[in-house]
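One file, input_28.tsv, is given below (TSV, C-alpha atoms and all ligand atoms).
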chain	number	residue	atom	x	y	z
A	12	MET	CA	80.82	105.93	100.48
A	13	GLU	CA	79.31	104.42	97.36
A	14	ILE	CA	79.09	100.64	97.18
A	15	PHE	CA	78.96	98.90	93.81
A	16	LYS	CA	78.45	95.25	92.94
A	17	GLN	CA	78.01	95.71	89.19
A	18	ILE	CA	80.56	96.97	86.68
A	19	ALA	CA	78.24	99.31	84.72
A	20	PRO	CA	77.15	101.65	87.56
A	21	PHE	CA	80.69	101.61	88.96
A	22	LYS	CA	82.03	102.75	85.59
A	23	ALA	CA	79.35	105.46	85.38
A	24	PHE	CA	80.41	106.75	88.80
A	25	LEU	CA	84.07	106.82	87.70
A	26	LYS	CA	83.22	108.55	84.43
A	27	GLY	CA	81.40	111.27	86.35
A	28	ALA	CA	84.37	111.78	88.64
A	29	LYS	CA	86.81	112.00	85.73
A	30	LEU	CA	84.55	114.42	83.80
A	31	ALA	CA	84.59	116.60	86.91
A	32	GLY	CA	88.40	116.66	86.60
A	33	LYS	CA	89.07	114.33	89.52
A	34	THR	CA	92.04	112.00	89.73
A	35	VAL	CA	91.25	108.41	90.66
A	36	GLY	CA	93.38	106.16	92.87
A	37	LEU	CA	92.71	102.42	92.92
A	38	VAL	CA	93.39	100.03	95.82
A	39	PRO	CA	92.69	96.40	94.84
A	40	THR	CA	92.18	93.96	97.73
A	41	MET	CA	90.70	90.59	98.54
A	42	GLY	CA	89.01	91.93	101.69
A	43	ALA	CA	89.40	90.86	105.33
A	44	LEU	CA	90.92	94.31	105.60
A	45	HIS	CA	93.54	95.30	108.15
A	46	LYS	CA	95.74	98.34	108.75
A	47	GLY	CA	98.02	97.36	105.86
A	48	HIS	CA	95.17	97.70	103.39
A	49	ILE	CA	94.07	100.92	105.06
A	50	SER	CA	97.57	102.38	104.61
A	51	LEU	CA	97.14	101.87	100.84
A	52	VAL	CA	93.84	103.77	100.95
A	53	GLU	CA	95.52	106.53	102.94
A	54	ALA	CA	98.39	106.72	100.42
A	55	SER	CA	95.85	107.03	97.61
A	56	LYS	CA	93.94	109.75	99.45
A	57	THR	CA	97.05	111.93	99.66
A	58	GLN	CA	97.51	111.78	95.87
A	59	ASN	CA	94.00	111.56	94.41
A	60	SER	CA	90.69	113.37	94.75
A	61	VAL	CA	88.78	110.07	94.49
A	62	THR	CA	89.92	106.77	96.02
A	63	VAL	CA	88.23	103.50	95.14
A	64	ALA	CA	88.91	100.17	96.80
A	65	THR	CA	87.94	96.82	95.36
A	66	ILE	CA	87.16	93.70	97.35
A	67	PHE	CA	87.20	90.52	95.32
A	68	VAL	CA	88.54	87.11	96.28
A	69	ASN	CA	89.86	86.20	92.86
A	70	PRO	CA	89.48	82.46	92.24
A	71	THR	CA	91.95	82.30	89.34
A	72	GLN	CA	94.91	83.22	91.56
A	73	PHE	CA	94.34	80.39	94.03
A	74	ASN	CA	96.24	77.24	93.17
A	75	ASN	CA	95.02	75.60	96.38
A	76	PRO	CA	91.20	75.10	96.47
A	77	GLU	CA	91.22	74.72	100.27
A	78	ASP	CA	92.98	78.11	100.62
A	79	LEU	CA	90.29	79.71	98.43
A	80	LYS	CA	87.48	78.06	100.40
A	81	LYS	CA	88.93	79.16	103.74
A	82	TYR	CA	89.93	82.68	102.69
A	83	PRO	CA	88.47	84.98	105.38
A	84	LYS	CA	85.45	87.08	104.41
A	85	THR	CA	84.44	90.07	106.57
A	86	LEU	CA	82.60	92.31	104.09
A	87	ASP	CA	80.48	94.33	106.54
A	88	LYS	CA	83.49	95.12	108.69
A	89	ASP	CA	85.56	95.95	105.58
A	90	VAL	CA	82.95	98.40	104.33
A	91	ALA	CA	82.82	100.09	107.76
A	92	LEU	CA	86.63	100.40	107.85
A	93	LEU	CA	86.75	101.89	104.35
A	94	GLU	CA	83.98	104.32	105.19
A	95	LYS	CA	85.82	105.40	108.34
A	96	VAL	CA	89.09	106.10	106.51
A	97	GLY	CA	87.26	108.18	103.90
A	98	CYS	CA	87.38	105.87	100.89
A	99	ASP	CA	85.00	107.24	98.24
A	100	ALA	CA	83.73	104.02	96.70
A	101	VAL	CA	84.09	100.28	97.02
A	102	PHE	CA	83.54	97.73	94.27
A	103	CYS	CA	82.74	94.26	95.60
A	104	PRO	CA	81.50	92.14	92.72
A	105	GLU	CA	80.34	88.52	92.76
A	106	THR	CA	82.56	86.07	90.88
A	107	GLU	CA	80.10	85.92	87.93
A	108	GLU	CA	80.38	89.68	87.43
A	109	MET	CA	84.16	89.48	86.98
A	110	TYR	CA	84.18	86.10	85.21
A	111	ASP	CA	81.05	85.96	83.07
A	112	GLN	CA	82.81	83.27	81.06
A	113	PRO	CA	85.70	80.93	81.87
A	114	SER	CA	88.92	82.72	81.06
A	115	ARG	CA	91.03	81.56	78.13
A	116	ILE	CA	93.89	83.98	78.72
A	117	LYS	CA	97.11	82.94	80.44
A	118	PHE	CA	99.99	85.25	81.27
A	119	ASP	CA	103.65	84.28	81.24
A	120	PHE	CA	106.09	86.71	82.85
A	121	GLY	CA	109.16	84.57	82.21
A	122	HIS	CA	111.54	84.42	85.15
A	123	LEU	CA	109.37	86.79	87.24
A	124	ASP	CA	106.62	84.23	87.68
A	125	LYS	CA	108.81	81.13	87.88
A	126	VAL	CA	110.85	81.87	91.02
A	127	MET	CA	109.76	81.92	94.67
A	128	GLU	CA	105.95	82.27	94.75
A	129	GLY	CA	105.83	81.16	91.12
A	130	GLN	CA	107.61	77.92	91.90
A	131	PHE	CA	105.31	77.03	94.78
A	132	ARG	CA	102.08	78.54	93.44
A	133	PRO	CA	101.95	77.65	89.74
A	134	GLY	CA	99.44	79.80	87.84
A	135	HIS	CA	99.10	82.26	90.71
A	136	PHE	CA	100.55	85.28	88.93
A	137	SER	CA	98.63	84.56	85.74
A	138	GLY	CA	95.44	84.82	87.82
A	139	VAL	CA	96.68	87.97	89.53
A	140	ALA	CA	97.56	89.60	86.19
A	141	LEU	CA	94.18	88.63	84.78
A	142	VAL	CA	92.12	90.15	87.57
A	143	VAL	CA	94.34	93.23	87.89
A	144	SER	CA	94.04	93.80	84.10
A	145	LYS	CA	90.25	93.57	84.41
A	146	LEU	CA	90.28	96.05	87.30
A	147	PHE	CA	92.59	98.45	85.45
A	148	ASN	CA	90.28	98.31	82.41
A	149	ILE	CA	87.14	98.84	84.50
A	150	VAL	CA	88.53	101.68	86.64
A	151	GLU	CA	91.18	103.25	84.35
A	152	PRO	CA	92.76	104.81	87.44
A	153	HIS	CA	95.42	107.52	87.39
A	154	HIS	CA	97.24	105.79	90.24
A	155	ALA	CA	97.15	102.26	91.67
A	156	TYR	CA	98.48	101.12	95.04
A	157	PHE	CA	99.94	97.78	96.08
A	158	GLY	CA	101.76	96.53	99.16
A	159	GLN	CA	105.48	95.83	99.45
A	160	LYS	CA	104.45	92.71	101.36
A	161	ASP	CA	103.62	91.04	98.03
A	162	TRP	CA	106.79	92.27	96.35
A	163	GLN	CA	106.87	89.66	93.61
A	164	GLN	CA	103.28	90.59	92.78
A	165	PHE	CA	104.37	94.22	92.51
A	166	ALA	CA	107.23	93.24	90.15
A	167	VAL	CA	104.78	91.27	87.98
A	168	ILE	CA	102.22	94.10	87.90
A	169	ARG	CA	104.94	96.61	87.03
A	170	THR	CA	105.78	94.47	83.99
A	171	LEU	CA	102.08	94.18	83.12
A	172	VAL	CA	101.64	97.97	83.22
A	173	GLU	CA	104.78	98.59	81.17
A	174	GLU	CA	104.09	95.99	78.49
A	175	LEU	CA	100.34	96.49	78.10
A	176	LYS	CA	100.67	100.29	78.27
A	177	PHE	CA	98.16	100.76	81.04
A	178	GLY	CA	98.40	104.51	81.38
A	179	LEU	CA	98.67	104.69	85.14
A	180	GLU	CA	101.23	105.29	87.82
A	181	LEU	CA	102.00	102.39	90.15
A	182	HIS	CA	102.96	102.81	93.79
A	183	TYR	CA	104.00	100.42	96.50
A	184	VAL	CA	103.42	101.03	100.19
A	185	PRO	CA	105.73	99.64	102.92
A	186	THR	CA	104.56	96.60	104.88
A	187	MET	CA	102.51	97.28	108.03
A	188	ARG	CA	103.43	94.99	110.91
A	189	GLU	CA	102.01	93.91	114.23
A	190	ALA	CA	103.91	95.10	117.32
A	191	ASP	CA	105.98	91.88	117.37
A	192	GLY	CA	106.98	92.24	113.72
A	193	LEU	CA	104.54	89.81	112.07
A	194	ALA	CA	103.49	91.24	108.71
A	195	MET	CA	99.77	92.03	108.74
A	196	SER	CA	97.89	89.64	106.50
A	197	SER	CA	94.29	88.59	106.05
A	198	ARG	CA	95.46	85.00	106.52
A	199	ASN	CA	96.64	85.85	110.07
A	200	LEU	CA	92.95	85.64	111.01
A	201	ARG	CA	93.23	81.88	110.48
A	202	LEU	CA	96.14	81.41	112.93
A	203	ASP	CA	95.33	79.87	116.29
A	204	ALA	CA	96.96	81.40	119.39
A	205	GLN	CA	99.94	79.07	119.30
A	206	GLN	CA	100.56	79.51	115.58
A	207	ARG	CA	100.19	83.27	115.98
A	208	ALA	CA	102.87	83.25	118.69
A	209	HIS	CA	105.33	81.24	116.58
A	210	ALA	CA	104.58	82.97	113.24
A	211	THR	CA	106.86	85.89	114.15
A	212	ILE	CA	109.77	83.57	113.29
A	213	PHE	CA	109.52	84.59	109.63
A	214	TYR	CA	110.13	88.25	110.48
A	215	LYS	CA	112.80	87.31	113.05
A	216	ALA	CA	114.59	85.17	110.46
A	217	LEU	CA	114.43	87.99	107.89
A	218	SER	CA	115.78	90.49	110.41
A	219	TYR	CA	118.61	88.12	111.33
A	220	ALA	CA	119.38	87.56	107.63
A	221	ARG	CA	119.49	91.28	106.91
A	222	GLU	CA	122.01	91.89	109.68
A	223	ALA	CA	124.12	88.85	108.79
A	224	LEU	CA	124.26	89.74	105.09
A	225	ARG	CA	125.06	93.36	105.89
A	226	SER	CA	127.96	92.19	107.98
A	227	GLY	CA	129.31	90.16	105.06
A	228	GLN	CA	128.11	86.61	105.68
A	229	ASP	CA	127.44	84.30	102.73
A	230	VAL	CA	123.90	83.81	101.46
A	231	ALA	CA	124.29	80.01	101.71
A	232	ASP	CA	125.30	80.19	105.39
A	233	VAL	CA	122.53	82.63	106.16
A	234	ARG	CA	119.99	80.37	104.43
A	235	LYS	CA	121.10	77.42	106.59
A	236	ARG	CA	120.64	79.47	109.73
A	237	VAL	CA	117.23	80.75	108.58
A	238	GLN	CA	116.20	77.14	107.94
A	239	SER	CA	117.26	76.04	111.42
A	240	MET	CA	115.59	79.06	113.06
A	241	VAL	CA	112.27	78.13	111.42
A	242	ASP	CA	112.76	74.39	112.10
A	243	GLN	CA	113.13	75.12	115.81
A	244	GLU	CA	109.69	76.79	116.00
A	245	PRO	CA	106.89	74.29	116.68
A	246	GLY	CA	104.45	73.99	113.77
A	247	MET	CA	106.44	76.28	111.45
A	248	ARG	CA	107.89	75.18	108.11
A	249	LEU	CA	110.13	77.10	105.71
A	250	GLU	CA	109.26	76.95	102.03
A	251	TYR	CA	111.95	79.28	100.70
A	252	PHE	CA	114.31	82.04	101.70
A	253	GLU	CA	115.94	83.98	98.85
A	254	ALA	CA	118.02	87.09	98.37
A	255	THR	CA	117.01	88.58	95.03
A	256	ASP	CA	117.52	91.64	92.88
A	257	SER	CA	114.44	93.73	93.72
A	258	LYS	CA	113.70	94.69	90.11
A	259	ASN	CA	114.19	91.51	88.05
A	260	LEU	CA	114.05	89.01	90.96
A	261	THR	CA	117.28	87.32	89.94
A	262	VAL	CA	118.18	84.96	92.76
A	263	LEU	CA	121.55	85.95	94.23
A	264	ASP	CA	124.23	83.71	95.74
A	265	ASN	CA	126.21	86.77	96.59
A	266	VAL	CA	124.82	90.17	97.57
A	267	LYS	CA	128.08	92.07	97.27
A	268	ASN	CA	128.03	94.58	94.40
A	269	ALA	CA	124.38	93.77	93.72
A	270	GLY	CA	121.79	96.51	93.06
A	271	GLN	CA	118.88	96.86	95.46
A	272	VAL	CA	118.41	93.48	97.16
A	273	ILE	CA	115.21	92.21	98.71
A	274	LEU	CA	115.12	89.23	101.09
A	275	CYS	CA	112.00	87.14	100.62
A	276	ILE	CA	110.64	84.37	102.80
A	277	ALA	CA	107.65	82.04	102.62
A	278	GLY	CA	106.50	79.27	104.86
A	279	TYR	CA	103.71	77.63	106.72
A	280	ALA	CA	102.22	78.04	110.18
A	281	GLY	CA	100.35	74.75	110.30
A	282	GLU	CA	98.47	74.75	107.01
A	283	ILE	CA	98.43	78.54	106.66
A	284	ARG	CA	100.89	79.95	104.19
A	285	LEU	CA	102.63	83.22	105.06
A	286	ILE	CA	105.07	85.42	103.14
A	287	ASP	CA	107.22	88.39	104.09
A	288	ASN	CA	110.21	90.37	102.85
A	289	LEU	CA	112.71	93.05	103.81
A	290	PHE	CA	114.96	95.23	101.68
A	291	LEU	CA	118.61	94.58	102.44
A	301	LIG	P1	95.29	91.22	99.60
A	301	LIG	O1	93.93	91.61	100.10
A	301	LIG	O2	96.02	90.31	100.50
A	301	LIG	O3	95.27	90.78	98.17
A	301	LIG	O4	96.13	92.56	99.61
A	301	LIG	C1	95.67	93.70	98.94
A	301	LIG	C2	96.81	94.68	98.86
A	301	LIG	O5	97.21	95.04	100.18
A	301	LIG	C3	98.04	94.10	98.17
A	301	LIG	O6	98.62	95.08	97.35
A	301	LIG	C4	98.93	93.74	99.32
A	301	LIG	O7	100.30	93.75	98.99
A	301	LIG	C5	98.60	94.84	100.32
A	301	LIG	N1	98.96	94.43	101.66
A	301	LIG	C6	98.69	93.22	102.24
A	301	LIG	N2	99.22	93.16	103.48
A	301	LIG	C7	99.86	94.35	103.68
A	301	LIG	C8	100.60	94.91	104.76
A	301	LIG	N3	100.82	94.21	105.88
A	301	LIG	N4	101.10	96.15	104.62
A	301	LIG	C9	100.88	96.85	103.47
A	301	LIG	N5	100.17	96.39	102.43
A	301	LIG	C10	99.67	95.16	102.52

For the structure just supplied, provide its representation as structure tokens.
Amino acid sequence: MEIFKQIAPFKAFLKGAKLAGKTVGLVPTMGALHKGHISLVEASKTQNSVTVATIFVNPTQFNNPEDLKKYPKTLDKDVALLEKVGCDAVFCPETEEMYDQPSRIKFDFGHLDKVMEGQFRPGHFSGVALVVSKLFNIVEPHHAYFGQKDWQQFAVIRTLVEELKFGLELHYVPTMREADGLAMSSRNLRLDAQQRAHATIFYKALSYAREALRSGQDVADVRKRVQSMVDQEPGMRLEYFEATDSKNLTVLDNVKNAGQVILCIAGYAGEIRLIDNLFL
């Protein structure tokens, strides 16, 4: 596996691959890789002759400086995992390589970046769109892979690709979970044993909500129950639970006669913020 820290040699490698007629799949990550990330690499490998992963903890998408500072970094282990799964190249630049000057560009996705994550993490999606645009321009992939776990991110990136005419095909990959249902996340590495045990409440609450809504209960009643489920778990705090239209993220009071609905949850285990979702 080739490892690049600089844009220029990475681009030269990609140019060579494309001139040889190869299709390129891109898997952007922030590292501290787990099986969820690896499933994106595997999805890319089934559809592309060359798969490249990127590892970059993007400062402009962190609205909380403490979260950025404490974001787990396991580069050697990440590289070994990528090598093992047969990834062809990894790009892991320093911050200065990606941001050689302070950025002046801000993105506004309207409703898509105002609800849910947007409400609680102002500026987050602008930073995501900025770094993903840079990566799309550097790699010019044929396909790019993102996780369902960050569904709102996927909705934002879909808009970015459509509006800015990035000529690539986007894919999302279902969320990989631990045996007890907890969505795999790099931030899980920061949970202590007690928090780890209680953090499954977010998946349990989503699973309850899915069944309750399917059996015709009101969103408002379900939200109350989700709130009390999370409140009963020591150290856990609910930030939001919403039922939304999966495409435009319209928040729904009523899921009857809606299109595809996705249930989204966010909350804290101590000071560690976790998100998850399930399609209804
Ligand atoms: P991150 O490193 O957290 O920025 O995630 C990189 C990519 O992996 C994003 O597209 C995430 O949505 C995706 N991802 C994160 N966790 C999971 C998971 N548990 N299952 C599948 N994909 C995931």

**Report entry** ligand LIG 301 (chain A) neighbours within 7 Å using all atoms listed in the file, as a list in words
**Finding:**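 Residues lying within 7 Å of ligand LIG 301 (chain A): Pro39, Thr40, Met41, Gly42, Ala43, Leu44, Gly47, His48, Ser50, Leu51, Tyr156, Phe157, Gly158, Gln159, Lys160, Asp161, Val184, Pro185, Thr186, Met187, Arg188, Ala194, Met195, Ser196 and Ser197 of chain A.
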
For the residues selected in the previous step, produce a file with C-alpha atoms as a tab-separated table (two decimals), in the coordinates of the input.
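Everything below was put into part_39.tsv:
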chain	number	residue	atom	x	y	z
A	39	PRO	CA	92.69	96.40	94.84
A	40	THR	CA	92.18	93.96	97.73
A	41	MET	CA	90.70	90.59	98.54
A	42	GLY	CA	89.01	91.93	101.69
A	43	ALA	CA	89.40	90.86	105.33
A	44	LEU	CA	90.92	94.31	105.60
A	47	GLY	CA	98.02	97.36	105.86
A	48	HIS	CA	95.17	97.70	103.39
A	50	SER	CA	97.57	102.38	104.61
A	51	LEU	CA	97.14	101.87	100.84
A	156	TYR	CA	98.48	101.12	95.04
A	157	PHE	CA	99.94	97.78	96.08
A	158	GLY	CA	101.76	96.53	99.16
A	159	GLN	CA	105.48	95.83	99.45
A	160	LYS	CA	104.45	92.71	101.36
A	161	ASP	CA	103.62	91.04	98.03
A	184	VAL	CA	103.42	101.03	100.19
A	185	PRO	CA	105.73	99.64	102.92
A	186	THR	CA	104.56	96.60	104.88
A	187	MET	CA	102.51	97.28	108.03
A	188	ARG	CA	103.43	94.99	110.91
A	194	ALA	CA	103.49	91.24	108.71
A	195	MET	CA	99.77	92.03	108.74
A	196	SER	CA	97.89	89.64	106.50
A	197	SER	CA	94.29	88.59	106.05

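You can rank A:Thr62, A:Ser114, A:Thr85, A:Thr211 by their closest distance to Pro245 of chain A using all atoms listed in the file, and at the top of that list sits A:Thr211.
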
Query raised in the report: Skipping near chain neighbours, those fewer than 5 positions away, what residues fall within 9 Å of Leu141 of chain A using all atoms listed in the file, listed as a VMD selection string?
Result: chain A and resid 71 to 72 114 116 to 118 136 146

Query - For atom CA of Phe120 of chain A and atom CA of Val262 of chain A, the interatomic separation in Å (one decimal) - result: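 So the answer is 15.7 Å.
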
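The residue set within 10 Å of Ile276 of chain A, counting only C-alpha atoms and dropping same-chain residues fewer than 5 places from it, reads Met127, Glu128, Phe213, Tyr214, Ala216, Leu217, Val237, Leu249, Glu250, Tyr251, Phe252, Glu253, Ala254, Leu285, Ile286, Asp287, Asn288 and Leu289 of chain A.
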
Requested in this report: Around the point (116.9, 97.0, 93.9) in the file's coordinates, collect all residues with an atom within 8 Å, using all atoms listed in the file, and return them as a list in words.
Outcome: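 Those within range, by chain then number, are Asp256, Ser257, Lys258, Gly270, Gln271, Val272 and Ile273 of chain A.
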
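Among A:His154, A:Lys145, A:His209, A:Arg198, the residue with the shortest atom-to-atom distance to Arg284 of chain A, counting only C-alpha atoms, is A:Arg198.
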
Query raised in the report: For Gln228 of chain A, which residue out of A:Asn265, A:Arg201, A:Val61, A:Gly192 is the nearest one, using only C-alpha atoms?
Result: A:Asn265

Using all atoms listed in the file, determine which residues lie at most 12 Å from Gly281 of chain A, disregarding the query and same-chain residues fewer than 5 positions distant; provide the list as an mmCIF file with C-alpha atoms, in the frame of the given file.
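Result file follows (result-v3.cif):
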data_model
loop_
_atom_site.group_PDB
_atom_site.id
_atom_site.type_symbol
_atom_site.label_atom_id
_atom_site.label_comp_id
_atom_site.auth_asym_id
_atom_site.auth_seq_id
_atom_site.Cartn_x
_atom_site.Cartn_y
_atom_site.Cartn_z
ATOM 1 C CA ARG A 198 95.460 85.000 106.520
ATOM 2 C CA ASN A 199 96.640 85.850 110.070
ATOM 3 C CA ARG A 201 93.230 81.880 110.480
ATOM 4 C CA LEU A 202 96.140 81.410 112.930
ATOM 5 C CA ASP A 203 95.330 79.870 116.290
ATOM 6 C CA ALA A 204 96.960 81.400 119.390
ATOM 7 C CA GLN A 205 99.940 79.070 119.300
ATOM 8 C CA GLN A 206 100.560 79.510 115.580
ATOM 9 C CA ARG A 207 100.190 83.270 115.980
ATOM 10 C CA HIS A 209 105.330 81.240 116.580
ATOM 11 C CA ALA A 210 104.580 82.970 113.240
ATOM 12 C CA GLU A 244 109.690 76.790 116.000
ATOM 13 C CA PRO A 245 106.890 74.290 116.680
ATOM 14 C CA GLY A 246 104.450 73.990 113.770
ATOM 15 C CA MET A 247 106.440 76.280 111.450
ATOM 16 C CA ARG A 248 107.890 75.180 108.110
ATOM 17 C CA LEU A 249 110.130 77.100 105.710
#

Report task. Could you give me, as a ChimeraX atom specification, the residues within 12 Å of Gly227 of chain A, counting all atoms listed in the file and dropping anything in the same chain fewer than 6 positions from it? Result -> /A:220-221,233,265-268,291

Report task. Please indicate the distance in Å from atom CA of Gly138 of chain A to atom CA of Leu123 of chain A, rounded to one decimal place. Result ->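 Going from atom CA of Gly138 of chain A over to atom CA of Leu123 of chain A covers 14.1 Å.
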
Query - Point-to-point distance in Å for atom CA of Asp78 of chain A and atom CA of Leu193 of chain A - result: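 Separation of atom CA of Leu193 of chain A and atom CA of Asp78 of chain A: 20.0 Å.
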
Within 12 Å of segment 170-176 of chain A using all atoms listed in the file, minus same-chain residues under 3 positions, as a CSV table (one decimal) with C-alpha atoms, keeping the file's coordinate frame:
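New file out-v9.csv:
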chain,number,residue,atom,x,y,z
A,118,PHE,CA,100.0,85.2,81.3
A,119,ASP,CA,103.6,84.3,81.2
A,120,PHE,CA,106.1,86.7,82.8
A,121,GLY,CA,109.2,84.6,82.2
A,122,HIS,CA,111.5,84.4,85.2
A,123,LEU,CA,109.4,86.8,87.2
A,124,ASP,CA,106.6,84.2,87.7
A,136,PHE,CA,100.6,85.3,88.9
A,137,SER,CA,98.6,84.6,85.7
A,139,VAL,CA,96.7,88.0,89.5
A,140,ALA,CA,97.6,89.6,86.2
A,141,LEU,CA,94.2,88.6,84.8
A,142,VAL,CA,92.1,90.2,87.6
A,143,VAL,CA,94.3,93.2,87.9
A,144,SER,CA,94.0,93.8,84.1
A,145,LYS,CA,90.2,93.6,84.4
A,147,PHE,CA,92.6,98.4,85.4
A,148,ASN,CA,90.3,98.3,82.4
A,151,GLU,CA,91.2,103.2,84.4
A,152,PRO,CA,92.8,104.8,87.4
A,154,HIS,CA,97.2,105.8,90.2
A,155,ALA,CA,97.2,102.3,91.7
A,163,GLN,CA,106.9,89.7,93.6
A,164,GLN,CA,103.3,90.6,92.8
A,165,PHE,CA,104.4,94.2,92.5
A,166,ALA,CA,107.2,93.2,90.2
A,167,VAL,CA,104.8,91.3,88.0
A,179,LEU,CA,98.7,104.7,85.1
A,180,GLU,CA,101.2,105.3,87.8
A,181,LEU,CA,102.0,102.4,90.2
A,182,HIS,CA,103.0,102.8,93.8
A,258,LYS,CA,113.7,94.7,90.1
A,259,ASN,CA,114.2,91.5,88.0

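Closest approach to Lys81 of chain A among A:Phe290, A:Asp229, A:Lys29, A:Leu200: A:Leu200, based on all atoms listed in the file.
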
Query raised in the report: Which one of A:Pro76, A:Pro70, A:Gly36, A:Gly134 sits closest to Asp99 of chain A if you count only C-alpha atoms?
Result: A:Gly36

For segment 118-135 of chain A, I'd like the enclosing box, axis-aligned and padded by 8 Å on every side, reported as lines of an AutoDock Vina configuration file with centre and edge lengths in Å to one decimal.
center_x = 105.3
center_y = 81.9
center_z = 88.0
size_x = 28.4
size_y = 25.8
size_z = 29.5
